Amino acid sequence: MKKINYLTVALLFFAFINVDAQEKRKFKVHTVAFYNVENLFDTINNPNKFDEASPIMELNFNRGEIYKKKVQNMARVISEIGADVSKNTPVIIGLSEVENREVVEDLANDPALVAKNYGIVHFESPDARGIDVALMYQKDFFTPTNTSNHELKIYDDNTRKRVYTRDQLLVTGKLEGETVHVIVSHWPSRSGGEARSRPKRIAAAQLNKRIIDSLQAIDPYAKIFSMGDFNDDPTNSSFKDVLKTEKNKEDVKLKGIYNPMEDFFKKGLGSNAYRDAWSLFDQILITKPFLEKDYSSFRFYKAGIFNKQYLTNKKGRYKGYPLRSFADGGFTNGFSDHFPVYVHIIKEVK
């Protein structure tokens, strides 16, 4: 049975809808999210991948039990993202750092999520470490109509040999009858330093832009989510110069892109931390049609970083950082070195 939440709205929406303060309107609410699940690898050595370097494969004992706990922890987080508003788990969630389809199936079948009847979209990427991106969606609300993976070809500056990294995943489908497009990415890391690795992320942004442009060439009013662990902050050139994202909704033109995460970043908030500095690598971008004020179809309501206290380190050198699953050669019973991010979308119910 579908679980649908309706917001009874009065003053709550007064700031951006011209509604009389005494008038009550009902809105259907859904959560769309992204989560870097930090090395969600199984315990089986794949001879075609470098998966033996994954943290779980480096453990000397209890791998099976630790894997089960890792899946359980990830499922708990996903079950709670945005639920305070939507009263439901995310209808769509992009994932990064998954090894294969099987680990995503284990996640979808965890007791915390199995009742939600999640479908999965996954393609094997050529990434050297064997990590992929994937999409989970609630079948009661979303039906994929087209799926594709888009290869990112980048090369080492010195050797000119190809650097094998993650593909970008594109899923088009019907969200309660409305066509939406979801791009899930995990851009190249900052290994070797931000400046030296920057061209690789610029190339990833250019690929992302080509995907978006191709959708908008068919339909300028295409509703697109582009989400991922971009390994760049909202103010980096990959966003501002290539994707040309806007911080303010009123500045977004037709075919433009709004980045609701930039305001969080300007306020000092982040989704991951390194050397006592916060970054906001995890983001969800949206296109102009989500910003219209006609709520007869799904529109953007608000964004968030899911940074509940139980997801943070409580003590020690990394106090306040995301409580990661693996550290110092062992399993911490933590979650991920990234916080999830999400957006709420709403539609008026007459």
# chains A, B, ... in the order shown; residues from 1 in each chain; ligands from 1
$ closest_atom_pairs --of "region 117-170 of chain A" --to "region 193-212 of chain A" --cutoff "9 Å" --atoms "only C-alpha atoms" --output "JSON lines"
{"residue": "A:His150", "atom": "CA", "partner": "A:Leu207", "partner_atom": "CA", "distance": 8.0}
{"residue": "A:Glu151", "atom": "CA", "partner": "A:Leu207", "partner_atom": "CA", "distance": 8.5}
{"residue": "A:Leu152", "atom": "CA", "partner": "A:Ala204", "partner_atom": "CA", "distance": 6.6}
{"residue": "A:Lys153", "atom": "CA", "partner": "A:Ala203", "partner_atom": "CA", "distance": 8.2}
{"residue": "A:Ile154", "atom": "CA", "partner": "A:Lys200", "partner_atom": "CA", "distance": 6.4}
{"residue": "A:Tyr155", "atom": "CA", "partner": "A:Lys200", "partner_atom": "CA", "distance": 8.1}
{"residue": "A:Asp157", "atom": "CA", "partner": "A:Arg196", "partner_atom": "CA", "distance": 8.8}
{"residue": "A:Gln168", "atom": "CA", "partner": "A:Asn208", "partner_atom": "CA", "distance": 7.6}
{"residue": "A:Leu170", "atom": "CA", "partner": "A:Ile211", "partner_atom": "CA", "distance": 8.2}
$ residues_around --residues "region 100-105 of chain A" --least-positions-apart "6" --cutoff "8 Å" --atoms "only C-alpha atoms" --output "list in words"
Leu40, Phe41, Asp42, Ile120, His122, Phe123, Glu124, Ile131, Asp132 and Ala134 of chain A
$ residues_around --residues "region 260-271 of chain A" --least-positions-apart "6" --cutoff "8 Å" --atoms "only C-alpha atoms" --output "JSON, numbers by chain"
{"A": [233, 234, 235, 247, 248, 278, 279, 280, 281, 282, 283, 284, 285, 302, 303, 304, 305, 307, 322, 338, 339, 340, 341]}
$ closest_residue --among "A:Met227, A:Lys315, A:Arg190, A:Ala222" --to "Leu169 (chain A)" --atoms "only C-alpha atoms"
A:Met227
$ closest_residue --among "A:Phe61, A:Phe230, A:Phe141, A:Phe306" --to "Ser79 (chain A)" --atoms "only C-alpha atoms"
A:Phe306
$ atom_distance --atom1 "CA of Lys350 (chain A)" --atom2 "CA of Lys293 (chain A)"
15.7 Å
$ closest_residue --among "A:Lys240, A:Lys255, A:Arg129, A:Lys223" --to "Arg299 (chain A)" --atoms "only C-alpha atoms"
A:Lys223
$ residues_around --residues "Met74 (chain A)" --least-positions-apart "3" --cutoff "8 Å" --atoms "only C-alpha atoms" --output "list in words"
Val37, Lys70, Val71, Val77, Ile78, Leu107 and Phe335 of chain A
$ atom_distance --atom1 "CA of Asp294 (chain A)" --atom2 "CA of Pro90 (chain A)"
23.1 Å
$ residues_around --residues "Ala128 (chain A)" --least-positions-apart "6" --cutoff "8 Å" --atoms "only C-alpha atoms" --output "PDB file with N, CA and C atoms, in the first residue's frame"
ATOM      1  N   LYS A  49      38.641  -7.470 -10.635  1.00  0.00           N
ATOM      2  CA  LYS A  49      38.629  -6.150 -10.014  1.00  0.00           C
ATOM      3  C   LYS A  49      39.717  -6.077  -8.951  1.00  0.00           C
ATOM      4  N   PHE A  50      40.066  -4.876  -8.587  1.00  0.00           N
ATOM      5  CA  PHE A  50      41.042  -4.657  -7.516  1.00  0.00           C
ATOM      6  C   PHE A  50      40.299  -4.529  -6.182  1.00  0.00           C
ATOM      7  N   VAL A 163      42.795   6.780 -17.428  1.00  0.00           N
ATOM      8  CA  VAL A 163      42.443   6.590 -16.026  1.00  0.00           C
ATOM      9  C   VAL A 163      41.015   6.065 -15.994  1.00  0.00           C
ATOM     10  N   TYR A 164      40.850   4.868 -15.486  1.00  0.00           N
ATOM     11  CA  TYR A 164      39.524   4.245 -15.495  1.00  0.00           C
ATOM     12  C   TYR A 164      38.744   4.666 -14.245  1.00  0.00           C
ATOM     13  N   THR A 165      37.599   5.261 -14.471  1.00  0.00           N
ATOM     14  CA  THR A 165      36.811   5.822 -13.384  1.00  0.00           C
ATOM     15  C   THR A 165      35.336   5.475 -13.589  1.00  0.00           C
TER      16      THR A 165
END
$ atom_distance --atom1 "CA of Ser191 (chain A)" --atom2 "CA of Glu246 (chain A)"
27.5 Å
$ select_by_dssp --residues "region 164-335 of chain A" --states "helix (DSSP H, G or I)" --output "PyMOL selection string"
chain A and resi 194-218+237-243+249-251+261-266+288-291+309-311
$ write_last_selection --atoms "C-alpha atoms" --output "PDB file, in the first residue's frame"
ATOM      1  CA  GLU A 194      42.988  19.614  -5.906  1.00  0.00           C
ATOM      2  CA  ALA A 195      44.781  21.627  -8.603  1.00  0.00           C
ATOM      3  CA  ARG A 196      46.513  18.682 -10.251  1.00  0.00           C
ATOM      4  CA  SER A 197      43.322  16.587 -10.329  1.00  0.00           C
ATOM      5  CA  ARG A 198      41.024  19.464 -11.324  1.00  0.00           C
ATOM      6  CA  PRO A 199      41.073  18.751 -15.108  1.00  0.00           C
ATOM      7  CA  LYS A 200      39.584  15.312 -14.453  1.00  0.00           C
ATOM      8  CA  ARG A 201      36.601  16.823 -12.649  1.00  0.00           C
ATOM      9  CA  ILE A 202      36.250  19.497 -15.318  1.00  0.00           C
ATOM     10  CA  ALA A 203      35.982  16.650 -17.821  1.00  0.00           C
ATOM     11  CA  ALA A 204      33.370  14.970 -15.618  1.00  0.00           C
ATOM     12  CA  ALA A 205      31.406  18.233 -15.449  1.00  0.00           C
ATOM     13  CA  GLN A 206      31.568  18.551 -19.222  1.00  0.00           C
ATOM     14  CA  LEU A 207      30.151  15.037 -19.593  1.00  0.00           C
ATOM     15  CA  ASN A 208      27.415  15.892 -17.104  1.00  0.00           C
ATOM     16  CA  LYS A 209      26.622  19.048 -19.076  1.00  0.00           C
ATOM     17  CA  ARG A 210      26.420  17.095 -22.345  1.00  0.00           C
ATOM     18  CA  ILE A 211      23.908  14.702 -20.798  1.00  0.00           C
ATOM     19  CA  ILE A 212      21.804  17.594 -19.498  1.00  0.00           C
ATOM     20  CA  ASP A 213      22.046  19.437 -22.836  1.00  0.00           C
ATOM     21  CA  SER A 214      20.914  16.332 -24.720  1.00  0.00           C
ATOM     22  CA  LEU A 215      17.817  16.052 -22.523  1.00  0.00           C
ATOM     23  CA  GLN A 216      17.025  19.749 -22.820  1.00  0.00           C
ATOM     24  CA  ALA A 217      17.477  19.673 -26.603  1.00  0.00           C
ATOM     25  CA  ILE A 218      14.531  17.276 -26.720  1.00  0.00           C
ATOM     26  CA  SER A 237      34.870  25.922 -11.521  1.00  0.00           C
ATOM     27  CA  SER A 238      33.327  22.582 -12.494  1.00  0.00           C
ATOM     28  CA  PHE A 239      30.021  23.961 -11.234  1.00  0.00           C
ATOM     29  CA  LYS A 240      30.288  27.700 -11.774  1.00  0.00           C
ATOM     30  CA  ASP A 241      32.083  27.713 -15.144  1.00  0.00           C
ATOM     31  CA  VAL A 242      31.053  24.424 -16.778  1.00  0.00           C
ATOM     32  CA  LEU A 243      27.590  23.645 -15.434  1.00  0.00           C
ATOM     33  CA  LYS A 249      16.474  30.469  -7.594  1.00  0.00           C
ATOM     34  CA  GLU A 250      15.460  33.791  -9.141  1.00  0.00           C
ATOM     35  CA  ASP A 251      18.658  33.838 -11.234  1.00  0.00           C
ATOM     36  CA  MET A 261      23.589  23.138  -1.761  1.00  0.00           C
ATOM     37  CA  GLU A 262      25.626  26.270  -2.466  1.00  0.00           C
ATOM     38  CA  ASP A 263      23.855  28.230   0.238  1.00  0.00           C
ATOM     39  CA  PHE A 264      24.713  25.522   2.785  1.00  0.00           C
ATOM     40  CA  PHE A 265      28.349  25.671   1.716  1.00  0.00           C
ATOM     41  CA  LYS A 266      28.454  29.465   2.057  1.00  0.00           C
ATOM     42  CA  LYS A 288      14.465  25.356 -13.820  1.00  0.00           C
ATOM     43  CA  PRO A 289      11.091  23.540 -14.227  1.00  0.00           C
ATOM     44  CA  PHE A 290      11.309  22.347 -10.616  1.00  0.00           C
ATOM     45  CA  LEU A 291      11.297  26.000  -9.504  1.00  0.00           C
ATOM     46  CA  GLN A 309      24.028  13.147  15.716  1.00  0.00           C
ATOM     47  CA  TYR A 310      24.333   9.376  15.499  1.00  0.00           C
ATOM     48  CA  LEU A 311      26.157   9.799  12.172  1.00  0.00           C
TER      49      LEU A 311
END
$ select_by_dssp --residues "region 126-300 of chain A" --states "strand (DSSP E or B)" --output "ChimeraX atom specification"
/A:132-138,142-150,154-155,162-163,168-175,178-186,224-229,245-246,257-258,272-274,277-279,282-287,299-300
$ closest_residue --among "A:Val29, A:Val180, A:Ile44, A:Met57" --to "Gly82 (chain A)" --atoms "only C-alpha atoms"
A:Val29
$ decode --residues "region 87-111 of chain A" --atoms "N, CA and C atoms" --output "mmCIF file, in the first residue's frame"
data_model
loop_
_atom_site.group_PDB
_atom_site.id
_atom_site.type_symbol
_atom_site.label_atom_id
_atom_site.label_comp_id
_atom_site.auth_asym_id
_atom_site.auth_seq_id
_atom_site.Cartn_x
_atom_site.Cartn_y
_atom_site.Cartn_z
ATOM 1 N N LYS A 87 7.453 11.372 5.726
ATOM 2 C CA LYS A 87 6.907 10.185 6.394
ATOM 3 C C LYS A 87 7.121 8.931 5.548
ATOM 4 N N ASN A 88 8.224 8.912 4.828
ATOM 5 C CA ASN A 88 8.540 7.801 3.952
ATOM 6 C C ASN A 88 10.039 7.814 3.701
ATOM 7 N N THR A 89 10.575 6.697 3.273
ATOM 8 C CA THR A 89 11.961 6.677 2.828
ATOM 9 C C THR A 89 12.043 7.381 1.467
ATOM 10 N N PRO A 90 13.233 7.698 0.973
ATOM 11 C CA PRO A 90 13.327 8.356 -0.338
ATOM 12 C C PRO A 90 12.654 7.541 -1.440
ATOM 13 N N VAL A 91 11.895 8.219 -2.291
ATOM 14 C CA VAL A 91 11.302 7.514 -3.438
ATOM 15 C C VAL A 91 12.370 7.218 -4.482
ATOM 16 N N ILE A 92 13.417 8.061 -4.508
ATOM 17 C CA ILE A 92 14.556 7.873 -5.405
ATOM 18 C C ILE A 92 15.808 8.191 -4.608
ATOM 19 N N ILE A 93 16.810 7.296 -4.669
ATOM 20 C CA ILE A 93 18.086 7.593 -4.014
ATOM 21 C C ILE A 93 19.229 7.087 -4.872
ATOM 22 N N GLY A 94 20.168 8.002 -5.174
ATOM 23 C CA GLY A 94 21.386 7.644 -5.872
ATOM 24 C C GLY A 94 22.433 7.188 -4.872
ATOM 25 N N LEU A 95 23.251 6.229 -5.273
ATOM 26 C CA LEU A 95 24.286 5.673 -4.404
ATOM 27 C C LEU A 95 25.629 5.714 -5.117
ATOM 28 N N SER A 96 26.678 5.941 -4.348
ATOM 29 C CA SER A 96 28.027 5.781 -4.883
ATOM 30 C C SER A 96 28.835 4.897 -3.939
ATOM 31 N N GLU A 97 29.949 4.383 -4.460
ATOM 32 C CA GLU A 97 30.839 3.450 -3.759
ATOM 33 C C GLU A 97 30.153 2.125 -3.453
ATOM 34 N N VAL A 98 29.416 1.609 -4.437
ATOM 35 C CA VAL A 98 28.905 0.239 -4.353
ATOM 36 C C VAL A 98 29.725 -0.629 -5.299
ATOM 37 N N GLU A 99 29.952 -1.885 -4.903
ATOM 38 C CA GLU A 99 30.804 -2.747 -5.724
ATOM 39 C C GLU A 99 30.069 -3.336 -6.908
ATOM 40 N N ASN A 100 28.802 -3.714 -6.696
ATOM 41 C CA ASN A 100 28.069 -4.429 -7.737
ATOM 42 C C ASN A 100 26.573 -4.382 -7.437
ATOM 43 N N ARG A 101 25.807 -4.985 -8.305
ATOM 44 C CA ARG A 101 24.353 -4.997 -8.113
ATOM 45 C C ARG A 101 23.970 -5.791 -6.869
ATOM 46 N N GLU A 102 24.721 -6.853 -6.592
ATOM 47 C CA GLU A 102 24.372 -7.733 -5.474
ATOM 48 C C GLU A 102 24.377 -6.997 -4.142
ATOM 49 N N VAL A 103 25.326 -6.092 -3.920
ATOM 50 C CA VAL A 103 25.349 -5.390 -2.635
ATOM 51 C C VAL A 103 24.167 -4.413 -2.539
ATOM 52 N N VAL A 104 23.755 -3.854 -3.683
ATOM 53 C CA VAL A 104 22.587 -2.970 -3.678
ATOM 54 C C VAL A 104 21.325 -3.786 -3.404
ATOM 55 N N GLU A 105 21.263 -4.997 -3.944
ATOM 56 C CA GLU A 105 20.126 -5.871 -3.652
ATOM 57 C C GLU A 105 20.067 -6.212 -2.165
ATOM 58 N N ASP A 106 21.222 -6.491 -1.571
ATOM 59 C CA ASP A 106 21.253 -6.768 -0.133
ATOM 60 C C ASP A 106 20.747 -5.565 0.654
ATOM 61 N N LEU A 107 21.120 -4.387 0.211
ATOM 62 C CA LEU A 107 20.671 -3.161 0.872
ATOM 63 C C LEU A 107 19.159 -3.004 0.737
ATOM 64 N N ALA A 108 18.636 -3.192 -0.461
ATOM 65 C CA ALA A 108 17.201 -3.035 -0.695
ATOM 66 C C ALA A 108 16.377 -4.079 0.055
ATOM 67 N N ASN A 109 16.990 -5.242 0.324
ATOM 68 C CA ASN A 109 16.283 -6.324 0.996
ATOM 69 C C ASN A 109 16.501 -6.342 2.508
ATOM 70 N N ASP A 110 17.213 -5.363 3.026
ATOM 71 C CA ASP A 110 17.375 -5.270 4.479
ATOM 72 C C ASP A 110 16.008 -5.041 5.128
ATOM 73 N N PRO A 111 15.783 -5.582 6.329
ATOM 74 C CA PRO A 111 14.482 -5.410 6.991
ATOM 75 C C PRO A 111 14.015 -3.963 7.114
#
